[in-house]
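Reproduced below: my_file-v3.pdb, with PDB, C-alpha atoms and all ligand atoms.
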```
ATOM      1  CA  MET A 185      97.092 108.188  68.372  1.00  0.00           C
ATOM      2  CA  VAL A 186      94.468 110.067  70.437  1.00  0.00           C
ATOM      3  CA  ALA A 187      91.758 107.536  69.516  1.00  0.00           C
ATOM      4  CA  GLU A 188      94.059 104.666  70.474  1.00  0.00           C
ATOM      5  CA  ARG A 189      94.788 106.346  73.804  1.00  0.00           C
ATOM      6  CA  GLU A 190      91.064 106.802  74.492  1.00  0.00           C
ATOM      7  CA  ALA A 191      90.464 103.144  73.654  1.00  0.00           C
ATOM      8  CA  MET A 192      93.290 102.164  76.042  1.00  0.00           C
ATOM      9  CA  VAL A 193      91.644 104.138  78.862  1.00  0.00           C
ATOM     10  CA  GLU A 194      88.241 102.542  78.296  1.00  0.00           C
ATOM     11  CA  LEU A 195      89.176  98.955  77.439  1.00  0.00           C
ATOM     12  CA  GLN A 196      92.423  98.337  79.330  1.00  0.00           C
ATOM     13  CA  LEU A 197      91.768 100.512  82.369  1.00  0.00           C
ATOM     14  CA  ARG A 198      88.138 101.408  83.127  1.00  0.00           C
ATOM     15  CA  ALA A 199      86.767  98.039  82.012  1.00  0.00           C
ATOM     16  CA  ARG A 200      89.296  96.297  84.273  1.00  0.00           C
ATOM     17  CA  GLY A 201      88.400  98.207  87.390  1.00  0.00           C
ATOM     18  CA  ILE A 202      90.494 101.395  87.476  1.00  0.00           C
ATOM     19  CA  ARG A 203      88.026 103.782  89.169  1.00  0.00           C
ATOM     20  CA  ASP A 204      89.941 106.966  90.056  1.00  0.00           C
ATOM     21  CA  GLU A 205      88.759 109.523  87.484  1.00  0.00           C
ATOM     22  CA  ARG A 206      91.900 111.640  87.977  1.00  0.00           C
ATOM     23  CA  VAL A 207      94.043 108.630  87.085  1.00  0.00           C
ATOM     24  CA  LEU A 208      91.901 107.801  84.040  1.00  0.00           C
ATOM     25  CA  ALA A 209      92.108 111.424  82.861  1.00  0.00           C
ATOM     26  CA  ALA A 210      95.890 111.549  83.394  1.00  0.00           C
ATOM     27  CA  MET A 211      96.347 108.317  81.415  1.00  0.00           C
ATOM     28  CA  GLY A 212      94.229 109.908  78.692  1.00  0.00           C
ATOM     29  CA  ARG A 213      96.501 112.972  78.554  1.00  0.00           C
ATOM     30  CA  VAL A 214     100.045 111.558  78.621  1.00  0.00           C
ATOM     31  CA  PRO A 215     101.216 110.462  75.142  1.00  0.00           C
ATOM     32  CA  ARG A 216     102.726 106.980  75.724  1.00  0.00           C
ATOM     33  CA  GLU A 217     104.128 107.045  72.177  1.00  0.00           C
ATOM     34  CA  ASP A 218     106.605 109.763  73.243  1.00  0.00           C
ATOM     35  CA  PHE A 219     108.161 107.404  75.819  1.00  0.00           C
ATOM     36  CA  VAL A 220     108.922 104.416  73.577  1.00  0.00           C
ATOM     37  CA  PRO A 221     111.727 104.007  71.019  1.00  0.00           C
ATOM     38  CA  ALA A 222     110.856 104.818  67.387  1.00  0.00           C
ATOM     39  CA  GLY A 223     110.879 101.118  66.460  1.00  0.00           C
ATOM     40  CA  VAL A 224     107.924 100.275  68.725  1.00  0.00           C
ATOM     41  CA  ARG A 225     105.993 103.539  68.399  1.00  0.00           C
ATOM     42  CA  SER A 226     103.212 101.909  66.397  1.00  0.00           C
ATOM     43  CA  ARG A 227     102.692  99.512  69.330  1.00  0.00           C
ATOM     44  CA  ALA A 228     102.532 102.280  71.951  1.00  0.00           C
ATOM     45  CA  TYR A 229      98.936 101.473  72.981  1.00  0.00           C
ATOM     46  CA  GLU A 230      99.303  97.700  73.167  1.00  0.00           C
ATOM     47  CA  ASP A 231      98.138  96.073  76.374  1.00  0.00           C
ATOM     48  CA  ALA A 232     101.723  95.142  77.234  1.00  0.00           C
ATOM     49  CA  ALA A 233     105.117  96.171  78.507  1.00  0.00           C
ATOM     50  CA  LEU A 234     107.410  97.154  75.591  1.00  0.00           C
ATOM     51  CA  PRO A 235     111.234  97.144  75.236  1.00  0.00           C
ATOM     52  CA  ILE A 236     112.960 100.506  75.813  1.00  0.00           C
ATOM     53  CA  GLY A 237     116.594  99.351  75.492  1.00  0.00           C
ATOM     54  CA  GLU A 238     119.216  98.420  78.123  1.00  0.00           C
ATOM     55  CA  GLY A 239     117.195  95.236  78.749  1.00  0.00           C
ATOM     56  CA  GLN A 240     114.380  97.276  80.362  1.00  0.00           C
ATOM     57  CA  THR A 241     110.706  97.832  79.570  1.00  0.00           C
ATOM     58  CA  ILE A 242     108.047 100.533  79.769  1.00  0.00           C
ATOM     59  CA  SER A 243     105.389  99.093  82.096  1.00  0.00           C
ATOM     60  CA  GLN A 244     102.010  97.851  80.863  1.00  0.00           C
ATOM     61  CA  PRO A 245      99.454 100.731  80.937  1.00  0.00           C
ATOM     62  CA  TYR A 246      97.212  98.825  83.364  1.00  0.00           C
ATOM     63  CA  MET A 247     100.058  98.465  85.901  1.00  0.00           C
ATOM     64  CA  VAL A 248     100.951 102.168  85.577  1.00  0.00           C
ATOM     65  CA  ALA A 249      97.317 103.100  86.264  1.00  0.00           C
ATOM     66  CA  ARG A 250      97.047 100.599  89.088  1.00  0.00           C
ATOM     67  CA  ILE A 251     100.170 101.917  90.821  1.00  0.00           C
ATOM     68  CA  CYS A 252      98.916 105.489  90.393  1.00  0.00           C
ATOM     69  CA  GLU A 253      95.525 104.593  91.833  1.00  0.00           C
ATOM     70  CA  GLU A 254      97.109 102.816  94.822  1.00  0.00           C
ATOM     71  CA  LEU A 255      99.316 105.860  95.519  1.00  0.00           C
ATOM     72  CA  GLY A 256      96.067 107.660  96.448  1.00  0.00           C
ATOM     73  CA  LEU A 257      97.106 111.122  95.250  1.00  0.00           C
ATOM     74  CA  ASN A 258      94.996 114.270  95.244  1.00  0.00           C
ATOM     75  CA  GLY A 259      97.337 116.858  93.795  1.00  0.00           C
ATOM     76  CA  GLY A 260      99.325 118.408  96.630  1.00  0.00           C
ATOM     77  CA  GLU A 261     101.863 115.693  97.322  1.00  0.00           C
ATOM     78  CA  ARG A 262     105.598 115.198  96.969  1.00  0.00           C
ATOM     79  CA  VAL A 263     106.110 111.757  95.417  1.00  0.00           C
ATOM     80  CA  LEU A 264     109.061 109.486  94.650  1.00  0.00           C
ATOM     81  CA  ASP A 265     108.996 107.215  91.564  1.00  0.00           C
ATOM     82  CA  VAL A 266     111.650 104.468  91.700  1.00  0.00           C
ATOM     83  CA  GLY A 267     112.853 102.993  88.385  1.00  0.00           C
ATOM     84  CA  THR A 268     112.347 105.860  85.924  1.00  0.00           C
ATOM     85  CA  GLY A 269     112.867 103.666  82.851  1.00  0.00           C
ATOM     86  CA  SER A 270     111.133 105.470  79.991  1.00  0.00           C
ATOM     87  CA  GLY A 271     109.756 108.146  82.333  1.00  0.00           C
ATOM     88  CA  TYR A 272     106.148 107.233  81.483  1.00  0.00           C
ATOM     89  CA  GLN A 273     105.055 106.334  85.016  1.00  0.00           C
ATOM     90  CA  ALA A 274     106.719 109.498  86.328  1.00  0.00           C
ATOM     91  CA  ALA A 275     104.897 111.590  83.709  1.00  0.00           C
ATOM     92  CA  VAL A 276     101.528 110.176  84.770  1.00  0.00           C
ATOM     93  CA  VAL A 277     102.341 110.730  88.462  1.00  0.00           C
ATOM     94  CA  ALA A 278     103.315 114.318  87.599  1.00  0.00           C
ATOM     95  CA  GLU A 279      99.722 114.863  86.402  1.00  0.00           C
ATOM     96  CA  LEU A 280      98.468 113.746  89.833  1.00  0.00           C
ATOM     97  CA  ALA A 281     100.857 115.318  92.363  1.00  0.00           C
ATOM     98  CA  ARG A 282     102.683 118.588  93.025  1.00  0.00           C
ATOM     99  CA  GLU A 283     106.343 117.534  93.042  1.00  0.00           C
ATOM    100  CA  VAL A 284     107.766 114.336  91.561  1.00  0.00           C
ATOM    101  CA  HIS A 285     111.260 112.913  91.944  1.00  0.00           C
ATOM    102  CA  SER A 286     112.229 109.860  89.938  1.00  0.00           C
ATOM    103  CA  ILE A 287     115.375 107.757  90.300  1.00  0.00           C
ATOM    104  CA  GLU A 288     116.968 105.417  87.733  1.00  0.00           C
ATOM    105  CA  ARG A 289     120.143 103.312  88.022  1.00  0.00           C
ATOM    106  CA  ILE A 290     121.003 103.297  84.289  1.00  0.00           C
ATOM    107  CA  PRO A 291     122.325 106.763  83.332  1.00  0.00           C
ATOM    108  CA  GLU A 292     121.423 106.418  79.609  1.00  0.00           C
ATOM    109  CA  LEU A 293     117.752 105.786  80.465  1.00  0.00           C
ATOM    110  CA  ALA A 294     117.688 108.647  82.989  1.00  0.00           C
ATOM    111  CA  GLU A 295     119.128 110.970  80.330  1.00  0.00           C
ATOM    112  CA  ARG A 296     116.506 109.986  77.759  1.00  0.00           C
ATOM    113  CA  ALA A 297     113.641 110.261  80.261  1.00  0.00           C
ATOM    114  CA  ARG A 298     114.877 113.692  81.351  1.00  0.00           C
ATOM    115  CA  ALA A 299     114.697 114.900  77.750  1.00  0.00           C
ATOM    116  CA  VAL A 300     111.107 113.673  77.298  1.00  0.00           C
ATOM    117  CA  LEU A 301     109.916 114.911  80.709  1.00  0.00           C
ATOM    118  CA  ARG A 302     111.317 118.413  80.185  1.00  0.00           C
ATOM    119  CA  GLY A 303     111.470 119.534  83.800  1.00  0.00           C
ATOM    120  CA  ARG A 304     108.080 118.228  84.967  1.00  0.00           C
ATOM    121  CA  VAL A 305     109.914 115.586  87.011  1.00  0.00           C
ATOM    122  CA  VAL A 306     113.305 115.779  88.737  1.00  0.00           C
ATOM    123  CA  VAL A 307     115.223 112.739  87.421  1.00  0.00           C
ATOM    124  CA  HIS A 308     118.062 111.396  89.592  1.00  0.00           C
ATOM    125  CA  VAL A 309     120.626 108.682  88.856  1.00  0.00           C
ATOM    126  CA  GLY A 310     121.367 106.145  91.585  1.00  0.00           C
ATOM    127  CA  ASP A 311     120.180 103.147  93.563  1.00  0.00           C
ATOM    128  CA  GLY A 312     116.507 103.856  94.168  1.00  0.00           C
ATOM    129  CA  SER A 313     116.157 100.865  96.509  1.00  0.00           C
ATOM    130  CA  ARG A 314     117.759 103.194  99.047  1.00  0.00           C
ATOM    131  CA  GLY A 315     115.300 105.970  98.258  1.00  0.00           C
ATOM    132  CA  LEU A 316     116.207 109.634  98.041  1.00  0.00           C
ATOM    133  CA  PRO A 317     116.826 110.706 101.663  1.00  0.00           C
ATOM    134  CA  GLU A 318     117.764 114.284 100.756  1.00  0.00           C
ATOM    135  CA  HIS A 319     114.215 114.908  99.443  1.00  0.00           C
ATOM    136  CA  ALA A 320     112.280 112.810 102.017  1.00  0.00           C
ATOM    137  CA  PRO A 321     109.698 112.552 103.459  1.00  0.00           C
ATOM    138  CA  PHE A 322     107.329 111.584 100.655  1.00  0.00           C
ATOM    139  CA  ALA A 323     103.538 111.283 100.761  1.00  0.00           C
ATOM    140  CA  ALA A 324     103.797 108.339  98.403  1.00  0.00           C
ATOM    141  CA  ILE A 325     106.466 106.172  96.756  1.00  0.00           C
ATOM    142  CA  GLY A 326     105.834 104.012  93.685  1.00  0.00           C
ATOM    143  CA  VAL A 327     108.291 101.387  92.478  1.00  0.00           C
ATOM    144  CA  GLY A 328     108.274 100.175  88.862  1.00  0.00           C
ATOM    145  CA  ALA A 329     110.604  97.207  89.420  1.00  0.00           C
ATOM    146  CA  ALA A 330     110.260  94.066  91.536  1.00  0.00           C
ATOM    147  CA  ALA A 331     111.936  93.662  94.933  1.00  0.00           C
ATOM    148  CA  PRO A 332     112.512  90.459  96.952  1.00  0.00           C
ATOM    149  CA  ARG A 333     110.865  92.154  99.950  1.00  0.00           C
ATOM    150  CA  PHE A 334     109.664  95.714 100.456  1.00  0.00           C
ATOM    151  CA  PRO A 335     112.670  98.042 100.748  1.00  0.00           C
ATOM    152  CA  HIS A 336     112.795  99.292 104.323  1.00  0.00           C
ATOM    153  CA  ALA A 337     114.659 102.472 103.378  1.00  0.00           C
ATOM    154  CA  LEU A 338     111.677 103.452 101.226  1.00  0.00           C
ATOM    155  CA  TYR A 339     109.248 102.829 104.076  1.00  0.00           C
ATOM    156  CA  GLU A 340     111.419 105.015 106.334  1.00  0.00           C
ATOM    157  CA  GLN A 341     111.178 107.872 103.830  1.00  0.00           C
ATOM    158  CA  LEU A 342     107.367 107.964 103.907  1.00  0.00           C
ATOM    159  CA  GLN A 343     105.501 110.465 106.018  1.00  0.00           C
ATOM    160  CA  VAL A 344     103.056 108.912 108.517  1.00  0.00           C
ATOM    161  CA  GLY A 345      99.990 107.825 106.539  1.00  0.00           C
ATOM    162  CA  GLY A 346     102.094 107.708 103.369  1.00  0.00           C
ATOM    163  CA  ARG A 347     101.851 104.822 100.929  1.00  0.00           C
ATOM    164  CA  LEU A 348     104.526 102.629  99.352  1.00  0.00           C
ATOM    165  CA  VAL A 349     103.420 100.685  96.261  1.00  0.00           C
ATOM    166  CA  VAL A 350     105.906  98.020  95.184  1.00  0.00           C
ATOM    167  CA  PRO A 351     105.914  94.672  93.350  1.00  0.00           C
ATOM    168  CA  VAL A 352     107.291  92.082  95.805  1.00  0.00           C
ATOM    169  CA  GLY A 353     108.204  88.488  95.047  1.00  0.00           C
ATOM    170  CA  SER A 354     110.571  86.379  92.959  1.00  0.00           C
ATOM    171  CA  ARG A 355     112.308  87.561  89.788  1.00  0.00           C
ATOM    172  CA  SER A 356     109.551  86.022  87.662  1.00  0.00           C
ATOM    173  CA  ALA A 357     106.308  86.557  89.618  1.00  0.00           C
ATOM    174  CA  GLN A 358     105.250  89.146  92.160  1.00  0.00           C
ATOM    175  CA  THR A 359     102.296  90.747  93.848  1.00  0.00           C
ATOM    176  CA  LEU A 360     101.827  94.497  93.963  1.00  0.00           C
ATOM    177  CA  GLN A 361     101.943  95.374  97.639  1.00  0.00           C
ATOM    178  CA  VAL A 362     100.545  98.550  99.149  1.00  0.00           C
ATOM    179  CA  ILE A 363     102.232  99.400 102.439  1.00  0.00           C
ATOM    180  CA  VAL A 364     101.007 102.241 104.623  1.00  0.00           C
ATOM    181  CA  ARG A 365     103.289 103.871 107.191  1.00  0.00           C
ATOM    182  CA  SER A 366     101.619 103.997 110.583  1.00  0.00           C
ATOM    183  CA  PRO A 367     102.833 104.684 114.132  1.00  0.00           C
ATOM    184  CA  GLU A 368     102.319 100.944 114.838  1.00  0.00           C
ATOM    185  CA  GLY A 369     104.564  99.965 111.902  1.00  0.00           C
ATOM    186  CA  PRO A 370     103.991  98.869 108.312  1.00  0.00           C
ATOM    187  CA  ALA A 371     100.453  97.820 107.373  1.00  0.00           C
ATOM    188  CA  VAL A 372     100.278  95.779 104.158  1.00  0.00           C
ATOM    189  CA  LEU A 373      96.922  96.598 102.575  1.00  0.00           C
ATOM    190  CA  HIS A 374      96.511  94.195  99.709  1.00  0.00           C
ATOM    191  CA  ALA A 375      98.280  92.553  96.830  1.00  0.00           C
ATOM    192  CA  VAL A 376      97.580  92.103  93.114  1.00  0.00           C
ATOM    193  CA  PRO A 377      99.527  89.552  90.986  1.00  0.00           C
ATOM    194  CA  CYS A 378     101.963  91.215  88.557  1.00  0.00           C
ATOM    195  CA  ARG A 379     105.260  90.811  86.713  1.00  0.00           C
ATOM    196  CA  PHE A 380     107.996  93.486  86.625  1.00  0.00           C
ATOM    197  CA  VAL A 381     111.705  93.618  85.769  1.00  0.00           C
ATOM    198  CA  PRO A 382     113.916  93.255  88.881  1.00  0.00           C
ATOM    199  CA  LEU A 383     114.927  96.112  91.159  1.00  0.00           C
ATOM    200  CA  ILE A 384     118.735  95.836  91.246  1.00  0.00           C
ATOM    201  CA  GLY A 385     120.387  97.317  94.319  1.00  0.00           C
ATOM    202  CA  GLU A 386     121.127  97.239  98.008  1.00  0.00           C
ATOM    203  CA  GLU A 387     117.511  96.493  98.968  1.00  0.00           C
ATOM    204  CA  GLY A 388     116.702  94.758  95.677  1.00  0.00           C
ATOM    205  CA  TYR A 389     118.296  91.877  93.761  1.00  0.00           C
ATOM    206  CA  HIS A 390     121.979  91.561  92.931  1.00  0.00           C
ATOM    207  CA  ALA A 391     122.965  92.349  89.332  1.00  0.00           C
ATOM    208  CA  GLY A 392     123.370  89.402  86.924  1.00  0.00           C
TER
HETATM  209  N1  LIG B 401     107.884 102.883  85.276  1.00  0.00           N
HETATM  210  C1  LIG B 401     108.887 102.645  84.280  1.00  0.00           C
HETATM  211  C2  LIG B 401     109.332 101.222  84.413  1.00  0.00           C
HETATM  212  C3  LIG B 401     110.653 100.956  83.828  1.00  0.00           C
HETATM  213  S1  LIG B 401     111.268  99.332  84.121  1.00  0.00           S
HETATM  214  C4  LIG B 401     108.294 102.944  82.906  1.00  0.00           C
HETATM  215  O1  LIG B 401     107.078 103.022  82.820  1.00  0.00           O
HETATM  216  O2  LIG B 401     109.025 103.082  81.936  1.00  0.00           O
HETATM  217  C5  LIG B 401     112.054  99.550  85.685  1.00  0.00           C
HETATM  218  C6  LIG B 401     113.260 100.428  85.702  1.00  0.00           C
HETATM  219  O3  LIG B 401     113.824 100.325  87.008  1.00  0.00           O
HETATM  220  C7  LIG B 401     114.380 100.044  84.732  1.00  0.00           C
HETATM  221  O4  LIG B 401     114.679 101.152  83.922  1.00  0.00           O
HETATM  222  C8  LIG B 401     115.561  99.695  85.642  1.00  0.00           C
HETATM  223  O5  LIG B 401     116.817 100.088  85.143  1.00  0.00           O
HETATM  224  C9  LIG B 401     115.220 100.483  86.890  1.00  0.00           C
HETATM  225  N2  LIG B 401     115.841 100.011  88.128  1.00  0.00           N
HETATM  226  C10 LIG B 401     116.087  98.736  88.527  1.00  0.00           C
HETATM  227  N3  LIG B 401     116.656  98.743  89.748  1.00  0.00           N
HETATM  228  C11 LIG B 401     116.773 100.046  90.131  1.00  0.00           C
HETATM  229  C12 LIG B 401     117.274 100.701  91.297  1.00  0.00           C
HETATM  230  N4  LIG B 401     117.780 100.030  92.336  1.00  0.00           N
HETATM  231  N5  LIG B 401     117.229 102.046  91.345  1.00  0.00           N
HETATM  232  C13 LIG B 401     116.714 102.768  90.312  1.00  0.00           C
HETATM  233  N6  LIG B 401     116.230 102.205  89.191  1.00  0.00           N
HETATM  234  C14 LIG B 401     116.249 100.858  89.099  1.00  0.00           C
END
```
In structure tokens, write the structure found in this file.
Ligand code: SAH
Amino acid sequence: MVAEREAMVELQLRARGIRDERVLAAMGRVPREDFVPAGVRSRAYEDAALPIGEGQTISQPYMVARICEELGLNGGERVLDVGTGSGYQAAVVAELAREVHSIERIPELAERARAVLRGRVVVHVGDGSRGLPEHAPFAAIGVGAAAPRFPHALYEQLQVGGRLVVPVGSRSAQTLQVIVRSPEGPAVLHAVPCRFVPLIGEEGYHAG
């Protein structure tokens, strides 16, 4: 699977504009096949999101890389990953930062991710749209599920200069927003079209 992973980095990521060499190297190290169910293991390096059970998906490699690049990490940060899912995004972030917390609302997924991540990431169960105030502030927060608008609680848990990367839009189509915390208030940097499963919670969508 190493050759497939290298091909993913070159063809799906570098060729499409991912520039951060640390992100490319991290994506080349983390075995995506370990984060998908046995039934879809042979498809682990497809250019797509894949089902992980509970109606959820592991994100497309390009979106994982893009979120990581937008987080702007250089190795010393404390980071929050919202929507653990398979744990894949959290594992890549763990290659790029010092301390990673990840929060998932579905306990079965959190349990499985915890087993694969083996202590490299602290996995919490709860409503990540409200953040993780007991571990704030964070230098960066990445969200792997779509919100109707950017969750204010997450913005509040950023340190000044910190970055929130979150898909914002309808349930079916969003743009990836990058919001920087500044003394003057939130600055939305730019937005890339994307499609994620919904963030369900107080500052997300309602269940159902
Ligand atoms: N980055 C993950 C993406 C998983 S899909 C990966 O690569 O596998 C998004 C996940 O967000 C799903 O597992 C879903 O259950 C979870 N989720 C949705 N709303 C949430 C919320 N309010 N708090 C925490 N997790 C949430």
Inset, instruction - I need the residue set behind the PyMOL selection byres (((not hetatm)) within 6 of (chain B and resi 401)) for this file; please write it as a PyMOL selection string. - result: chain A and resi 240-243+266-273+287-290+310-313+328-329+381-385
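One distance worth recording is that between atom CA of A:Arg198 and atom CA of A:Pro245, which is 11.5 Å.
If you measure from each of A:Ala323, A:Ala232, A:Val263, A:Ala331 to A:Val344 using all atoms listed in the file, the closest one turns out to be A:Ala323.
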Can you tell me, as a CSV table (one decimal) with C-alpha atoms, in the frame of the given file, what residues are no more than 10 Å from stretch 252-260 of chain A when counting all atoms listed in the file, ignoring any on the same chain fewer than 4 positions away?
```csv
chain,number,residue,atom,x,y,z
A,202,ILE,CA,90.5,101.4,87.5
A,203,ARG,CA,88.0,103.8,89.2
A,204,ASP,CA,89.9,107.0,90.1
A,205,GLU,CA,88.8,109.5,87.5
A,206,ARG,CA,91.9,111.6,88.0
A,207,VAL,CA,94.0,108.6,87.1
A,208,LEU,CA,91.9,107.8,84.0
A,210,ALA,CA,95.9,111.5,83.4
A,211,MET,CA,96.3,108.3,81.4
A,246,TYR,CA,97.2,98.8,83.4
A,247,MET,CA,100.1,98.5,85.9
A,248,VAL,CA,101.0,102.2,85.6
A,273,GLN,CA,105.1,106.3,85.0
A,274,ALA,CA,106.7,109.5,86.3
A,276,VAL,CA,101.5,110.2,84.8
A,277,VAL,CA,102.3,110.7,88.5
A,278,ALA,CA,103.3,114.3,87.6
A,279,GLU,CA,99.7,114.9,86.4
A,280,LEU,CA,98.5,113.7,89.8
A,281,ALA,CA,100.9,115.3,92.4
A,282,ARG,CA,102.7,118.6,93.0
A,283,GLU,CA,106.3,117.5,93.0
A,323,ALA,CA,103.5,111.3,100.8
A,324,ALA,CA,103.8,108.3,98.4
A,325,ILE,CA,106.5,106.2,96.8
A,326,GLY,CA,105.8,104.0,93.7
A,346,GLY,CA,102.1,107.7,103.4
A,347,ARG,CA,101.9,104.8,100.9
A,348,LEU,CA,104.5,102.6,99.4
A,349,VAL,CA,103.4,100.7,96.3
A,360,LEU,CA,101.8,94.5,94.0
A,361,GLN,CA,101.9,95.4,97.6
A,362,VAL,CA,100.5,98.6,99.1
A,363,ILE,CA,102.2,99.4,102.4
A,364,VAL,CA,101.0,102.2,104.6
A,373,LEU,CA,96.9,96.6,102.6
A,374,HIS,CA,96.5,94.2,99.7
```
Legend entry - Among listed residues A:Leu338, A:Met185, A:Leu197, A:Ile236, nearest A:Ala222 (using all atoms listed in the file):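 Checking each of A:Leu338, A:Met185, A:Leu197, A:Ile236 against A:Ala222, counting all atoms listed in the file, the winner is A:Ile236.
With only C-alpha atoms as the atoms that count, the minimum distance from A:Val220 to the choices A:Arg250, A:Arg296, A:Arg304, A:Arg189 is reached by A:Arg296.
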Inset, instruction - Rank nothing, just name the residue among A:Tyr339, A:Pro351, A:Ala330, A:Gly345 nearest to A:Tyr389, using only C-alpha atoms. - result: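 Under the stated criterion, the closest residue is A:Ala330.
Counting all atoms listed in the file, the residue from A:Ala337, A:Ala209, A:Val307, A:Val327 that sits nearest to A:Glu387 is A:Ala337.
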Legend entry - Exercise: A:Gln343 partners within 9 Å, all atoms listed in the file, chain neighbours under 5 positions left out, as a count of residues only: 7
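Checking A:Gly237, A:Asp231, A:Pro221, A:Glu318 one by one against A:Ala191, counting all atoms listed in the file, you find the shortest gap at A:Asp231.
Coordinates place atom CA of A:His308 at a distance of 26.6 Å from atom CA of A:Pro370.
The space separating atom CA of A:Val306 from atom CA of A:Pro377 comes to 29.7 Å.
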With a distance cut-off of 12 Å and all atoms listed in the file, select the neighbouring residues of A:Gly223, excluding the residue or stretch itself and same-chain residues fewer than 5 positions from it, and output the selection as a PDB file with C-alpha atoms, in the frame of the given file.
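As written to disk, part.pdb reads:
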```pdb
ATOM      1  CA  GLU A 217     104.128 107.045  72.177  1.00  0.00           C
ATOM      2  CA  ASP A 218     106.605 109.763  73.243  1.00  0.00           C
ATOM      3  CA  ALA A 228     102.532 102.280  71.951  1.00  0.00           C
ATOM      4  CA  LEU A 234     107.410  97.154  75.591  1.00  0.00           C
ATOM      5  CA  PRO A 235     111.234  97.144  75.236  1.00  0.00           C
ATOM      6  CA  ILE A 236     112.960 100.506  75.813  1.00  0.00           C
ATOM      7  CA  GLY A 237     116.594  99.351  75.492  1.00  0.00           C
TER       8      GLY A 237
END
```
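Residues in contact with A:Pro332 at 7 Å, where all atoms listed in the file are counted and same-chain residues fewer than 4 positions away are skipped, are listed as Val352, Gly353, Ser354, Gly388 and Tyr389 of chain A.
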Legend entry - Test item: residues at most 6 Å from A:Leu264, only C-alpha atoms, excluding those fewer than 3 positions along its chain, as a VMD selection string: chain A and resid 284 to 286 325
Generate the output file for the selected residues, C-alpha atoms, as a compact mmCIF listing (two decimals), keeping the file's coordinate frame.
```txt
# COMPACT_ATOMS: atom_id res chain seq x y z
CA VAL A 284 107.77 114.34 91.56
CA HIS A 285 111.26 112.91 91.94
CA SER A 286 112.23 109.86 89.94
CA ILE A 325 106.47 106.17 96.76
```
